[in-house]
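Enquirer: What follows is work-v6.txt, compact mmCIF, C-alpha atoms and all ligand atoms.
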```
# COMPACT_ATOMS: atom_id res chain seq x y z
CA MET A 1 56.74 -27.58 29.86
CA SER A 2 58.80 -25.33 32.15
CA VAL A 3 58.53 -25.72 35.89
CA ARG A 4 56.90 -22.31 36.05
CA SER A 5 54.23 -23.29 33.54
CA ALA A 6 53.68 -26.64 35.23
CA MET A 7 53.20 -24.97 38.61
CA LEU A 8 50.86 -22.33 37.25
CA SER A 9 48.84 -24.90 35.40
CA GLN A 10 48.51 -27.17 38.44
CA LEU A 11 47.69 -24.23 40.71
CA ARG A 12 45.01 -22.93 38.40
CA ASN A 13 43.48 -26.33 37.84
CA ARG A 14 43.59 -27.47 41.43
CA ARG A 15 40.37 -28.27 43.17
CA ASP A 16 39.24 -25.74 45.79
CA GLY A 17 39.16 -27.17 49.29
CA PHE A 18 41.44 -30.07 48.35
CA SER A 19 45.07 -30.72 49.24
CA LEU A 20 47.67 -29.82 46.62
CA PRO A 21 48.81 -32.10 43.80
CA ARG A 22 51.70 -34.43 44.59
CA ASP A 23 54.45 -32.42 42.86
CA PHE A 24 54.00 -29.56 45.35
CA TYR A 25 55.07 -31.86 48.17
CA THR A 26 57.68 -33.99 46.44
CA ASP A 27 59.21 -32.54 43.27
CA PRO A 28 62.74 -31.06 43.55
CA ASP A 29 62.00 -28.43 40.87
CA PHE A 30 58.79 -27.35 42.56
CA TYR A 31 60.72 -27.15 45.83
CA LYS A 32 63.37 -24.97 44.18
CA ALA A 33 60.60 -22.73 42.86
CA ASP A 34 59.17 -22.44 46.41
CA LEU A 35 62.57 -21.27 47.63
CA GLU A 36 63.12 -18.83 44.79
CA THR A 37 59.59 -17.48 44.81
CA ILE A 38 58.88 -17.30 48.53
CA PHE A 39 61.82 -17.91 50.87
CA TYR A 40 64.31 -15.90 48.79
CA LYS A 41 61.83 -13.08 48.25
CA ASP A 42 60.05 -12.68 51.56
CA TRP A 43 60.68 -11.80 55.16
CA VAL A 44 61.78 -14.80 57.21
CA PHE A 45 61.76 -14.99 61.01
CA ALA A 46 65.39 -15.34 62.08
CA GLY A 47 65.42 -15.24 65.89
CA HIS A 48 65.00 -12.95 68.88
CA ASP A 49 66.92 -9.85 69.76
CA CYS A 50 67.37 -11.20 73.31
CA GLU A 51 69.74 -13.76 71.77
CA ILE A 52 72.15 -10.99 70.76
CA LYS A 53 71.93 -8.50 73.60
CA THR A 54 75.49 -7.20 73.50
CA PRO A 55 77.76 -6.00 70.64
CA GLY A 56 79.44 -8.85 68.81
CA GLN A 57 76.84 -11.46 69.73
CA PHE A 58 75.52 -13.25 66.66
CA PHE A 59 73.34 -16.13 65.55
CA THR A 60 73.23 -17.90 62.23
CA LEU A 61 70.56 -19.56 60.12
CA LYS A 62 70.27 -20.99 56.64
CA ILE A 63 67.54 -19.92 54.24
CA GLY A 64 67.60 -22.53 51.50
CA ASP A 65 71.14 -22.33 50.08
CA TYR A 66 71.96 -19.04 51.82
CA PRO A 67 73.81 -19.01 55.15
CA VAL A 68 72.99 -15.79 57.01
CA VAL A 69 74.47 -14.25 60.14
CA VAL A 70 72.60 -11.78 62.36
CA VAL A 71 74.83 -9.67 64.61
CA ARG A 72 74.53 -6.86 67.17
CA GLY A 73 76.75 -3.88 66.29
CA ASN A 74 78.73 -1.60 68.58
CA ASP A 75 76.03 1.02 67.98
CA GLY A 76 73.39 -1.42 69.30
CA ALA A 77 71.83 -1.95 65.87
CA ILE A 78 71.00 -5.44 64.65
CA ARG A 79 72.26 -6.22 61.16
CA ALA A 80 72.24 -9.28 58.94
CA PHE A 81 74.77 -10.38 56.33
CA HIS A 82 75.35 -13.22 53.94
CA ASN A 83 77.59 -15.52 55.94
CA SER A 84 80.10 -16.00 53.13
CA CYS A 85 83.57 -14.49 53.26
CA ARG A 86 84.43 -12.04 50.49
CA HIS A 87 87.87 -13.66 50.16
CA ARG A 88 87.11 -17.19 48.97
CA GLY A 89 83.67 -17.70 50.34
CA SER A 90 84.14 -19.61 53.59
CA ARG A 91 81.43 -19.25 56.20
CA VAL A 92 82.65 -16.56 58.58
CA CYS A 93 80.50 -17.52 61.58
CA THR A 94 80.43 -21.28 61.91
CA THR A 95 78.31 -21.80 65.02
CA ASP A 96 74.59 -21.34 65.72
CA HIS A 97 75.33 -18.67 68.33
CA GLY A 98 78.52 -16.89 69.33
CA LYS A 99 80.28 -13.69 70.20
CA MET A 100 83.26 -12.00 68.55
CA ARG A 101 84.71 -8.50 68.96
CA ARG A 102 84.94 -8.47 65.17
CA LEU A 103 83.87 -11.21 62.79
CA VAL A 104 86.98 -13.20 61.88
CA CYS A 105 86.87 -15.68 59.02
CA PRO A 106 88.39 -18.94 60.23
CA TYR A 107 90.05 -19.72 56.87
CA HIS A 108 92.61 -16.91 56.33
CA GLN A 109 91.53 -14.56 59.10
CA TRP A 110 90.01 -11.73 57.14
CA VAL A 111 88.46 -9.52 59.82
CA TYR A 112 85.10 -7.78 59.46
CA ASN A 113 83.70 -4.99 61.58
CA LEU A 114 80.31 -5.64 63.14
CA ASP A 115 78.75 -3.37 60.50
CA GLY A 116 80.00 -5.78 57.84
CA SER A 117 82.81 -3.60 56.48
CA LEU A 118 86.18 -5.27 56.01
CA PHE A 119 88.53 -4.20 58.81
CA GLY A 120 91.64 -6.05 57.74
CA ALA A 121 92.99 -8.62 55.27
CA ARG A 122 96.57 -9.83 55.59
CA HIS A 123 99.07 -9.72 52.71
CA MET A 124 96.67 -8.60 50.00
CA GLY A 125 99.04 -6.10 48.40
CA ASP A 126 99.24 -2.31 48.35
CA ASP A 127 96.43 -1.63 45.91
CA PHE A 128 93.92 -3.87 47.66
CA ASP A 129 90.79 -1.79 48.27
CA LYS A 130 89.14 -3.20 51.35
CA SER A 131 86.14 -0.93 50.95
CA GLN A 132 85.04 -3.20 48.08
CA PHE A 133 84.97 -6.39 50.12
CA GLY A 134 82.53 -5.95 52.99
CA LEU A 135 80.08 -8.71 53.86
CA LYS A 136 77.02 -8.54 51.66
CA PRO A 137 74.11 -7.07 53.59
CA VAL A 138 70.77 -8.79 54.10
CA HIS A 139 67.62 -6.81 54.91
CA CYS A 140 66.93 -6.95 58.62
CA GLU A 141 64.03 -5.65 60.71
CA SER A 142 63.32 -5.99 64.38
CA PHE A 143 60.31 -5.24 66.56
CA GLY A 144 58.81 -6.49 69.79
CA GLY A 145 61.71 -8.90 70.34
CA TYR A 146 61.50 -10.51 66.89
CA VAL A 147 64.18 -10.29 64.19
CA PHE A 148 63.18 -10.89 60.56
CA VAL A 149 65.51 -11.00 57.56
CA CYS A 150 64.98 -10.92 53.81
CA ILE A 151 67.64 -11.95 51.33
CA ALA A 152 65.89 -10.44 48.29
CA GLU A 153 67.55 -7.49 46.54
CA GLU A 154 64.42 -5.53 47.22
CA ALA A 155 62.46 -6.53 50.29
CA PRO A 156 58.67 -6.47 50.36
CA ASP A 157 56.97 -4.02 52.67
CA PHE A 158 57.56 -4.83 56.33
CA ALA A 159 55.80 -1.82 57.82
CA ARG A 160 52.35 -3.33 57.43
CA PHE A 161 53.24 -6.41 59.48
CA ARG A 162 55.04 -4.32 62.07
CA ALA A 163 52.10 -1.92 62.42
CA THR A 164 49.66 -4.80 62.86
CA ALA A 165 51.68 -7.09 65.12
CA GLU A 166 53.62 -4.66 67.29
CA PRO A 167 50.66 -3.50 69.44
CA TYR A 168 49.99 -7.19 70.18
CA THR A 169 53.57 -8.20 70.99
CA LYS A 170 54.62 -5.02 72.78
CA PRO A 171 52.82 -5.62 76.12
CA HIS A 172 54.68 -8.93 76.46
CA GLY A 173 58.05 -7.21 76.75
CA LEU A 174 59.97 -9.71 74.65
CA GLU A 175 62.99 -7.41 74.69
CA ASN A 176 63.50 -8.36 78.35
CA VAL A 177 63.42 -12.11 78.06
CA LYS A 178 65.88 -14.92 77.60
CA VAL A 179 65.77 -18.22 75.78
CA ALA A 180 65.33 -20.79 78.56
CA PHE A 181 65.46 -23.71 76.15
CA GLU A 182 65.75 -24.28 72.42
CA SER A 183 65.25 -27.31 70.24
CA THR A 184 65.57 -27.96 66.52
CA ILE A 185 63.99 -31.03 65.02
CA ILE A 186 64.12 -32.18 61.43
CA GLU A 187 60.75 -33.30 60.13
CA ASN A 188 60.99 -35.53 57.07
CA GLY A 189 58.21 -33.68 55.31
CA ASN A 190 57.77 -30.83 52.85
CA TRP A 191 57.59 -27.42 54.54
CA LYS A 192 53.97 -26.97 53.42
CA LEU A 193 52.96 -30.21 55.17
CA VAL A 194 54.49 -28.83 58.37
CA TRP A 195 52.33 -25.73 57.97
CA GLU A 196 49.20 -27.61 56.98
CA ASN A 197 49.54 -29.76 60.06
CA ASN A 198 50.02 -26.67 62.20
CA ARG A 199 46.95 -24.93 60.85
CA GLU A 200 44.40 -27.48 62.07
CA CYS A 201 43.52 -29.29 65.25
CA TYR A 202 41.46 -31.99 63.51
CA HIS A 203 44.36 -34.28 64.45
CA CYS A 204 44.81 -33.06 68.03
CA ALA A 205 42.48 -35.30 70.05
CA SER A 206 43.98 -38.50 68.66
CA ASN A 207 47.63 -37.38 68.63
CA HIS A 208 48.30 -34.79 71.34
CA PRO A 209 47.22 -36.00 74.81
CA GLU A 210 49.55 -33.51 76.55
CA LEU A 211 48.53 -30.47 74.46
CA CYS A 212 44.82 -31.28 74.71
CA ARG A 213 44.91 -30.77 78.47
CA THR A 214 45.11 -27.01 77.86
CA TYR A 215 44.62 -26.23 74.15
CA PRO A 216 41.03 -26.20 72.89
CA GLU A 217 40.63 -28.12 69.65
CA ALA A 218 37.66 -25.96 68.63
CA PRO A 219 38.37 -24.61 65.14
CA ALA A 220 37.66 -21.01 66.18
CA SER A 221 40.53 -21.18 68.67
CA THR A 222 43.14 -21.65 65.98
CA GLY A 223 42.44 -18.09 64.90
CA VAL A 224 41.14 -19.20 61.53
CA SER A 225 38.15 -16.94 61.28
CA GLY A 226 38.71 -14.78 64.30
CA GLY A 227 36.18 -16.56 66.45
CA GLY A 228 34.43 -13.26 67.21
CA ASP A 229 31.01 -14.89 67.10
CA ASP A 230 32.07 -17.44 69.69
CA PRO A 231 30.81 -16.02 73.01
CA GLU A 232 33.70 -17.46 75.02
CA ILE A 233 36.28 -15.96 72.68
CA SER A 234 34.48 -12.61 72.50
CA ALA A 235 34.34 -12.44 76.29
CA HIS A 236 38.04 -13.35 76.45
CA TRP A 237 38.95 -10.54 74.05
CA ALA A 238 36.79 -8.03 75.98
CA ARG A 239 38.40 -8.97 79.31
CA CYS A 240 41.97 -8.88 77.96
CA GLU A 241 41.45 -5.67 76.00
CA ALA A 242 40.01 -4.01 79.11
CA ALA A 243 43.31 -4.96 80.76
CA GLY A 244 45.22 -3.17 77.98
CA LEU A 245 46.08 -6.21 75.87
CA PRO A 246 45.12 -6.01 72.20
CA SER A 247 43.38 -9.33 71.55
CA ALA A 248 40.80 -9.27 68.75
CA PHE A 249 41.63 -11.13 65.55
CA VAL A 250 43.49 -9.22 62.82
CA MET A 251 44.83 -10.51 59.53
CA ALA A 252 46.77 -9.23 56.52
CA PRO A 253 44.58 -8.65 53.45
CA ASP A 254 46.62 -11.27 51.56
CA GLY A 255 46.48 -13.70 54.48
CA GLN A 256 50.25 -13.77 55.11
CA PHE A 257 50.01 -12.93 58.80
CA ARG A 258 47.36 -13.04 61.50
CA THR A 259 47.14 -12.69 65.24
CA ALA A 260 44.53 -13.10 68.00
CA ARG A 261 44.51 -13.88 71.70
CA MET A 262 42.72 -17.14 72.40
CA PRO A 263 41.56 -18.64 75.72
CA LEU A 264 43.01 -21.90 76.93
CA ILE A 265 40.81 -24.61 78.44
CA GLY A 266 39.17 -23.73 81.77
CA ASP A 267 41.54 -21.97 84.11
CA ALA A 268 44.69 -22.99 82.24
CA GLU A 269 47.34 -20.28 82.00
CA SER A 270 50.14 -22.07 80.23
CA TYR A 271 50.98 -25.17 78.20
CA THR A 272 51.83 -27.40 81.13
CA MET A 273 50.51 -30.77 82.23
CA SER A 274 48.61 -29.08 85.08
CA GLY A 275 47.60 -25.97 83.14
CA GLN A 276 49.25 -23.86 85.81
CA ARG A 277 52.04 -21.46 85.02
CA ALA A 278 55.39 -23.10 84.40
CA VAL A 279 57.26 -19.94 85.40
CA ALA A 280 56.66 -18.18 88.71
CA ARG A 281 58.24 -14.96 87.44
CA PRO A 282 55.77 -13.43 84.92
CA LEU A 283 57.02 -12.89 81.40
CA CYS A 284 56.37 -9.19 81.76
CA ASP A 285 55.62 -7.08 84.85
CA THR A 286 52.98 -4.96 83.15
CA VAL A 287 50.74 -7.91 82.26
CA VAL A 288 48.94 -8.56 85.54
CA GLU A 289 45.68 -9.97 84.20
CA PRO A 290 45.52 -13.71 84.93
CA ARG A 291 44.24 -16.23 82.39
CA ILE A 292 45.17 -14.27 79.28
CA GLY A 293 45.37 -17.52 77.34
CA THR A 294 47.68 -17.56 74.36
CA MET A 295 48.37 -14.87 71.82
CA LEU A 296 48.70 -16.64 68.49
CA LEU A 297 50.88 -14.97 65.89
CA PHE A 298 51.42 -16.46 62.45
CA HIS A 299 53.64 -15.10 59.69
CA TYR A 300 53.96 -17.24 56.56
CA PRO A 301 56.22 -18.87 55.55
CA SER A 302 58.39 -19.08 58.65
CA THR A 303 56.81 -18.66 62.07
CA TRP A 304 53.97 -19.33 64.48
CA ASN A 305 53.98 -18.26 68.12
CA HIS A 306 52.25 -18.62 71.46
CA LEU A 307 52.63 -15.76 73.95
CA MET A 308 51.29 -16.49 77.43
CA GLY A 309 51.44 -14.78 80.81
CA ASP A 310 54.41 -16.73 82.10
CA SER A 311 56.35 -17.57 78.95
CA ALA A 312 56.32 -17.55 75.18
CA THR A 313 56.96 -20.39 72.78
CA THR A 314 58.10 -19.44 69.30
CA PHE A 315 58.54 -21.61 66.24
CA ARG A 316 60.67 -21.16 63.11
CA VAL A 317 60.16 -23.21 59.95
CA LEU A 318 63.04 -23.51 57.47
CA PRO A 319 62.95 -25.88 54.50
CA ILE A 320 65.96 -28.11 53.95
CA SER A 321 64.91 -30.21 50.94
CA PRO A 322 61.65 -31.18 49.20
CA THR A 323 60.99 -33.64 52.01
CA GLU A 324 62.86 -32.19 54.99
CA THR A 325 62.05 -29.19 57.18
CA ALA A 326 63.81 -27.82 60.26
CA VAL A 327 61.50 -26.68 63.05
CA THR A 328 63.17 -24.64 65.77
CA THR A 329 61.27 -24.05 69.01
CA LYS A 330 62.34 -21.52 71.64
CA TRP A 331 60.90 -21.16 75.12
CA LEU A 332 61.20 -17.57 76.34
CA VAL A 333 61.00 -16.53 80.00
CA HIS A 334 61.71 -13.24 81.78
CA GLN A 335 65.42 -12.53 81.82
CA ASP A 336 65.42 -12.51 85.64
CA ALA A 337 63.62 -15.85 85.99
CA VAL A 338 65.94 -18.38 87.56
CA GLU A 339 65.99 -22.02 86.52
CA GLY A 340 65.40 -24.29 89.49
CA VAL A 341 63.81 -21.44 91.45
CA ASP A 342 61.19 -19.93 89.13
CA TYR A 343 60.86 -22.78 86.66
CA SER A 344 62.07 -26.19 85.67
CA ILE A 345 63.02 -26.89 82.07
CA ASP A 346 61.10 -30.14 82.15
CA GLU A 347 57.82 -28.56 83.24
CA LEU A 348 58.29 -25.61 80.88
CA THR A 349 59.01 -27.70 77.79
CA LYS A 350 57.27 -31.04 78.29
CA VAL A 351 54.03 -30.28 76.42
CA TRP A 352 55.61 -28.79 73.30
CA ILE A 353 58.52 -31.24 73.18
CA SER A 354 55.94 -34.06 73.17
CA THR A 355 53.65 -32.23 70.75
CA ASN A 356 56.49 -31.41 68.34
CA ASP A 357 57.55 -35.03 68.27
CA GLN A 358 53.98 -36.20 67.68
CA ASP A 359 53.60 -33.63 64.89
CA ARG A 360 56.89 -34.78 63.37
CA GLU A 361 55.58 -38.33 63.22
CA ILE A 362 52.28 -37.42 61.60
CA VAL A 363 53.92 -35.06 59.09
CA GLU A 364 56.38 -37.82 58.17
CA GLU A 365 53.56 -40.34 57.68
CA ASN A 366 51.71 -37.75 55.60
CA GLN A 367 54.83 -37.33 53.45
CA ARG A 368 55.35 -41.09 53.07
CA GLY A 369 51.79 -41.50 51.85
CA ILE A 370 52.06 -38.58 49.42
CA LEU A 371 55.24 -40.10 47.97
CA SER A 372 53.03 -42.93 46.72
CA PRO A 373 52.12 -42.48 43.05
CA ALA A 374 48.61 -43.50 44.14
CA TYR A 375 48.20 -40.25 46.14
CA GLN A 376 45.62 -37.83 44.87
CA PRO A 377 44.50 -34.57 46.49
CA GLY A 378 41.81 -35.11 49.09
CA PRO A 379 39.12 -32.85 50.61
CA TYR A 380 39.81 -30.72 53.67
CA SER A 381 37.19 -30.74 56.45
CA PRO A 382 35.15 -27.52 56.13
CA GLU A 383 34.59 -27.59 59.87
CA HIS A 384 38.12 -28.26 61.08
CA GLU A 385 40.54 -27.45 58.28
CA GLY A 386 39.62 -23.87 57.38
CA GLY A 387 43.08 -22.81 58.56
CA VAL A 388 44.75 -25.25 56.18
CA MET A 389 42.61 -23.98 53.31
CA GLN A 390 43.62 -20.42 54.21
CA PHE A 391 47.32 -21.37 54.17
CA VAL A 392 47.00 -23.16 50.82
CA GLU A 393 45.04 -20.20 49.43
CA TRP A 394 47.79 -17.81 50.52
CA TYR A 395 50.45 -20.05 48.99
CA ALA A 396 48.61 -20.58 45.71
CA ASN A 397 47.80 -16.90 45.27
CA LEU A 398 51.33 -15.76 46.06
CA MET A 399 52.92 -18.31 43.73
CA ASP A 400 50.48 -17.41 40.99
CA LYS A 401 51.16 -13.72 41.42
CA ARG A 402 54.92 -14.05 41.42
CA LEU A 403 55.23 -16.76 38.77
CA SER A 404 52.93 -15.01 36.37
CA GLY A 405 54.19 -11.54 37.19
CA GLU A 406 50.61 -10.44 37.59
CA GLU A 407 48.57 -9.27 40.49
CA ALA A 408 47.11 -12.08 42.54
CA PRO A 409 43.60 -13.18 41.69
CA LYS A 410 41.16 -12.06 44.31
CA LEU A 411 41.26 -14.26 47.39
CA ARG A 412 38.50 -16.79 47.19
CA SER A 413 38.19 -17.63 50.85
CA VAL A 414 40.21 -15.92 53.51
CA ALA A 415 37.58 -15.70 56.22
FE1 LIG A 501 87.68 -16.06 54.46
FE2 LIG A 501 89.91 -16.70 53.13
S1 LIG A 501 87.90 -17.46 52.82
S2 LIG A 501 89.66 -15.37 54.82
FE FE A 502 49.73 -31.06 66.01
```
If you convert what's in this file into structure tokens, what do you get?
Expert:
Amino acid sequence: MSVRSAMLSQLRNRRDGFSLPRDFYTDPDFYKADLETIFYKDWVFAGHDCEIKTPGQFFTLKIGDYPVVVVRGNDGAIRAFHNSCRHRGSRVCTTDHGKMRRLVCPYHQWVYNLDGSLFGARHMGDDFDKSQFGLKPVHCESFGGYVFVCIAEEAPDFARFRATAEPYTKPHGLENVKVAFESTIIENGNWKLVWENNRECYHCASNHPELCRTYPEAPASTGVSGGGDDPEISAHWARCEAAGLPSAFVMAPDGQFRTARMPLIGDAESYTMSGQRAVARPLCDTVVEPRIGTMLLFHYPSTWNHLMGDSATTFRVLPISPTETAVTTKWLVHQDAVEGVDYSIDELTKVWISTNDQDREIVEENQRGILSPAYQPGPYSPEHEGGVMQFVEWYANLMDKRLSGEEAPKLRSVA
């Protein structure tokens, strides 16, 4: 049986409301199919435009086997390219972040303009046509401070996500921020286990003492079903929307993205040990309403985000192998906020550094247990794991649609 047939068969025979069969979390061929069907076909969160404010600034990332570079051009536009030299294939940009007037390959010094065209190549003969050897472009879109890339030949529609998310991100002014701190951890777990763990707080009380000081573990707060019938959440949306901040829950029809502004516990305004703001300088001058809680923004398969009044914490998920996933966290503050005056890195990052490490441990234990041949799919909690079921539903429907070449079956439960 081909991998495609095996995946389709297991997806179609899986039990609703149960975790996926073992192969989805462990098998190298299933992992390759995840890359080829999702990560190589869809939009992936790359980074923030504040990281490349001036021409020549770039950052790099790796989507499966594909190194990608994202660079600011002399015209101010942000572009993305395959980070593989058109001479003999060396990576052109070899660091996570950097700045070059032009992109110079370190191997034989072919020089590329910031728009990807080849500027110069030494000793290649008179009939060498440099117009044929520009860096291969990658689809790139940017809005509200976020840069997404897609390495597919033909990218799926991005306008729908932009139209939905931009009104929510815009008031936070993420174009005028800076990355105060960044961390990348490798979780020894399949990328879907990282997401499943993220989409529930069933595990929070027993694993996240720091996060639970400010983050409510109530299922409605994870943005699973919108929480509109929860009076506290409804009142929160009404207050924030009256202050000009879009807040009510919205979701893509296929479940790929969702956003909502959720209250934190009590008077908490940020993810700190005290609940007080970590940054004295607000993230954005136009957001004056206190206690706006956290704006949750999810976009499968690569990012979840928390936007608060004083700072934003953004997360990027990139698979490395069937059982390894890189999770990059960035803490954004206003570009004029001064470390040591307006904030301390320790106070700003303590809760999520601790939480990330705790999540890494539980994802790794989850993976170790699933590697046992004795593992069999188990039931999700209807009360607490609706978000996990929604993620699995999105994954299963998308894989089915793309592997079978047919339209997705109607979503069974996306509430
Ligand atoms: Fe880039 Fe030779 S591989 S210049
Ligand atoms: Fe967690």
Enquirer: Do you know which residues are at most 9 Å from Pro379 in chain A counting all atoms listed in the file, after dropping those on the same chain fewer than 4 positions away, and could you put them as a VMD selection string?
Expert: chain A and resid 15 to 19
Enquirer: Let's have the selection written as a PDB file, in the frame of the given file, with C-alpha atoms.
Expert:
```
ATOM      1  CA  ARG A  15      40.370 -28.270  43.170  1.00  0.00           C
ATOM      2  CA  ASP A  16      39.240 -25.740  45.790  1.00  0.00           C
ATOM      3  CA  GLY A  17      39.160 -27.170  49.290  1.00  0.00           C
ATOM      4  CA  PHE A  18      41.440 -30.070  48.350  1.00  0.00           C
ATOM      5  CA  SER A  19      45.070 -30.720  49.240  1.00  0.00           C
TER       6      SER A  19
END
```
Enquirer: Could you pull out the residues sitting within 12 Å of ligand FE 502 (chain A), using only C-alpha atoms and all ligand atoms, and write them as number ranges by chain?
Expert: A: 193-212, 215, 217, 222, 351-363
Enquirer: For each of A:Gly120, A:Gly64, A:Gly56, A:Gly340, take the minimum atom-to-atom distance to Glu324 in chain A, counting all atoms listed in the file, then give the residue where this is smallest.
Expert: A:Gly64
Enquirer: Check which residues fall inside 7 Å of ligand LIG 501 (chain A) when counting all atoms listed in the file, and print them as a list of chain:residue names.
Expert: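 If we count all atoms listed in the file, the neighbours of ligand LIG 501 (chain A) turn out to be A:Cys85, A:Arg86, A:His87, A:Arg88, A:Gly89, A:Ser90, A:Val92, A:Cys105, A:Pro106, A:Tyr107, A:His108, A:Gln109, A:Trp110.
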Enquirer: Could you check which of A:Gly189, A:Gly369, A:Pro246, A:Gly255 is closest to Leu398 in chain A, using only C-alpha atoms?
Expert: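 Distance minimum relative to Leu398 in chain A lands on A:Gly255.
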Enquirer: With 12 Å as the cut-off and all atoms listed in the file counted, what is the closest atom pair between each nearby residue of range 273-335 of chain A and range 151-166 of chain A? Distances in Å to one decimal, ordered by chain and number, as a Markdown table.
Expert:
```
| residue | atom | partner | partner_atom | distance |
| --- | --- | --- | --- | --- |
| A:Met295 | CA | A:Ala165 | CA | 10.8 |
| A:Leu296 | CA | A:Ala165 | CA | 10.6 |
| A:Leu297 | CA | A:Ala165 | CA | 8.0 |
| A:Phe298 | CA | A:Ala165 | CA | 9.7 |
| A:His299 | CA | A:Phe161 | CA | 8.7 |
| A:Tyr300 | CA | A:Phe161 | CA | 11.2 |
| A:Asn305 | CA | A:Ala165 | CA | 11.8 |
```
Enquirer: For Pro290 in chain A, which residue among A:Val317, A:Gln335, A:Tyr375, A:Ala243 is the nearest when counting all atoms listed in the file?
Expert: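 Checking each candidate against Pro290 in chain A, we get A:Ala243 as the closest.
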Enquirer: Check which residues of range 298-362 of chain A sit at most 6 Å from range 175-187 of chain A using all atoms listed in the file, and return one row each with the closest pair of atoms and their distance in Å to one decimal, ordered by chain and rising number, as a Markdown table.
Expert:
```
| residue | atom | partner | partner_atom | distance |
| --- | --- | --- | --- | --- |
| A:Glu324 | CA | A:Glu187 | CA | 5.7 |
| A:Thr325 | CA | A:Glu187 | CA | 5.2 |
| A:Ala326 | CA | A:Ile186 | CA | 4.5 |
| A:Val327 | CA | A:Ile185 | CA | 5.4 |
| A:Thr328 | CA | A:Thr184 | CA | 4.2 |
| A:Thr329 | CA | A:Ser183 | CA | 5.3 |
| A:Lys330 | CA | A:Glu182 | CA | 4.5 |
| A:Trp331 | CA | A:Phe181 | CA | 5.3 |
| A:Leu332 | CA | A:Val179 | CA | 4.6 |
| A:Val333 | CA | A:Val177 | CA | 5.4 |
| A:His334 | CA | A:Val177 | CA | 4.2 |
| A:Gln335 | CA | A:Val177 | CA | 4.3 |
| A:Arg360 | CA | A:Glu187 | CA | 5.3 |
```
Enquirer: Emit the selected residues as a PDB file, in the coordinates of the input, including C-alpha atoms.
Expert:
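This is the output file result-v1.pdb:
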```
ATOM      1  CA  GLU A 324      62.860 -32.190  54.990  1.00  0.00           C
ATOM      2  CA  THR A 325      62.050 -29.190  57.180  1.00  0.00           C
ATOM      3  CA  ALA A 326      63.810 -27.820  60.260  1.00  0.00           C
ATOM      4  CA  VAL A 327      61.500 -26.680  63.050  1.00  0.00           C
ATOM      5  CA  THR A 328      63.170 -24.640  65.770  1.00  0.00           C
ATOM      6  CA  THR A 329      61.270 -24.050  69.010  1.00  0.00           C
ATOM      7  CA  LYS A 330      62.340 -21.520  71.640  1.00  0.00           C
ATOM      8  CA  TRP A 331      60.900 -21.160  75.120  1.00  0.00           C
ATOM      9  CA  LEU A 332      61.200 -17.570  76.340  1.00  0.00           C
ATOM     10  CA  VAL A 333      61.000 -16.530  80.000  1.00  0.00           C
ATOM     11  CA  HIS A 334      61.710 -13.240  81.780  1.00  0.00           C
ATOM     12  CA  GLN A 335      65.420 -12.530  81.820  1.00  0.00           C
ATOM     13  CA  ARG A 360      56.890 -34.780  63.370  1.00  0.00           C
TER      14      ARG A 360
END
```
Enquirer: Just checking: using all atoms listed in the file, which residue out of A:Asn83, A:Gln57, A:Thr323, A:Thr169 ends up closest to Glu365 in chain A?
Expert: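 Between A:Asn83, A:Gln57, A:Thr323, A:Thr169, the residue approaching Glu365 in chain A most closely is A:Thr323.
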Enquirer: With distances taken over all atoms listed in the file, which residue among A:Thr94, A:Thr286, A:Gln10, A:Thr272 lies nearest Lys350 in chain A?
Expert: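 Counting all atoms listed in the file, the residue closest to Lys350 in chain A is A:Thr272.
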Enquirer: With N, CA, C and O atoms as the target, complete range 169-174 of chain A and hand it back as a short mmCIF file (atom, residue, chain, number, x, y, z; two decimals), keeping the file's coordinate frame.
Expert:
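To be explicit, this is the file written out as selection.cif:
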```cif
data_model
loop_
_atom_site.label_atom_id
_atom_site.label_comp_id
_atom_site.auth_asym_id
_atom_site.auth_seq_id
_atom_site.Cartn_x
_atom_site.Cartn_y
_atom_site.Cartn_z
N THR A 169 52.39 -7.60 70.35
CA THR A 169 53.57 -8.20 70.99
C THR A 169 54.13 -7.29 72.09
O THR A 169 54.68 -7.78 73.08
N LYS A 170 53.97 -5.98 71.90
CA LYS A 170 54.62 -5.02 72.78
C LYS A 170 54.36 -5.25 74.28
O LYS A 170 55.29 -5.27 75.08
N PRO A 171 53.08 -5.46 74.68
CA PRO A 171 52.82 -5.62 76.12
C PRO A 171 53.57 -6.80 76.74
O PRO A 171 53.72 -6.86 77.96
N HIS A 172 54.02 -7.74 75.92
CA HIS A 172 54.68 -8.93 76.46
C HIS A 172 56.16 -8.72 76.74
O HIS A 172 56.81 -9.61 77.30
N GLY A 173 56.69 -7.58 76.36
CA GLY A 173 58.05 -7.21 76.75
C GLY A 173 59.11 -8.20 76.31
O GLY A 173 60.02 -8.53 77.07
N LEU A 174 59.03 -8.67 75.08
CA LEU A 174 59.97 -9.71 74.65
C LEU A 174 61.41 -9.20 74.46
O LEU A 174 62.30 -9.96 74.11
#
```
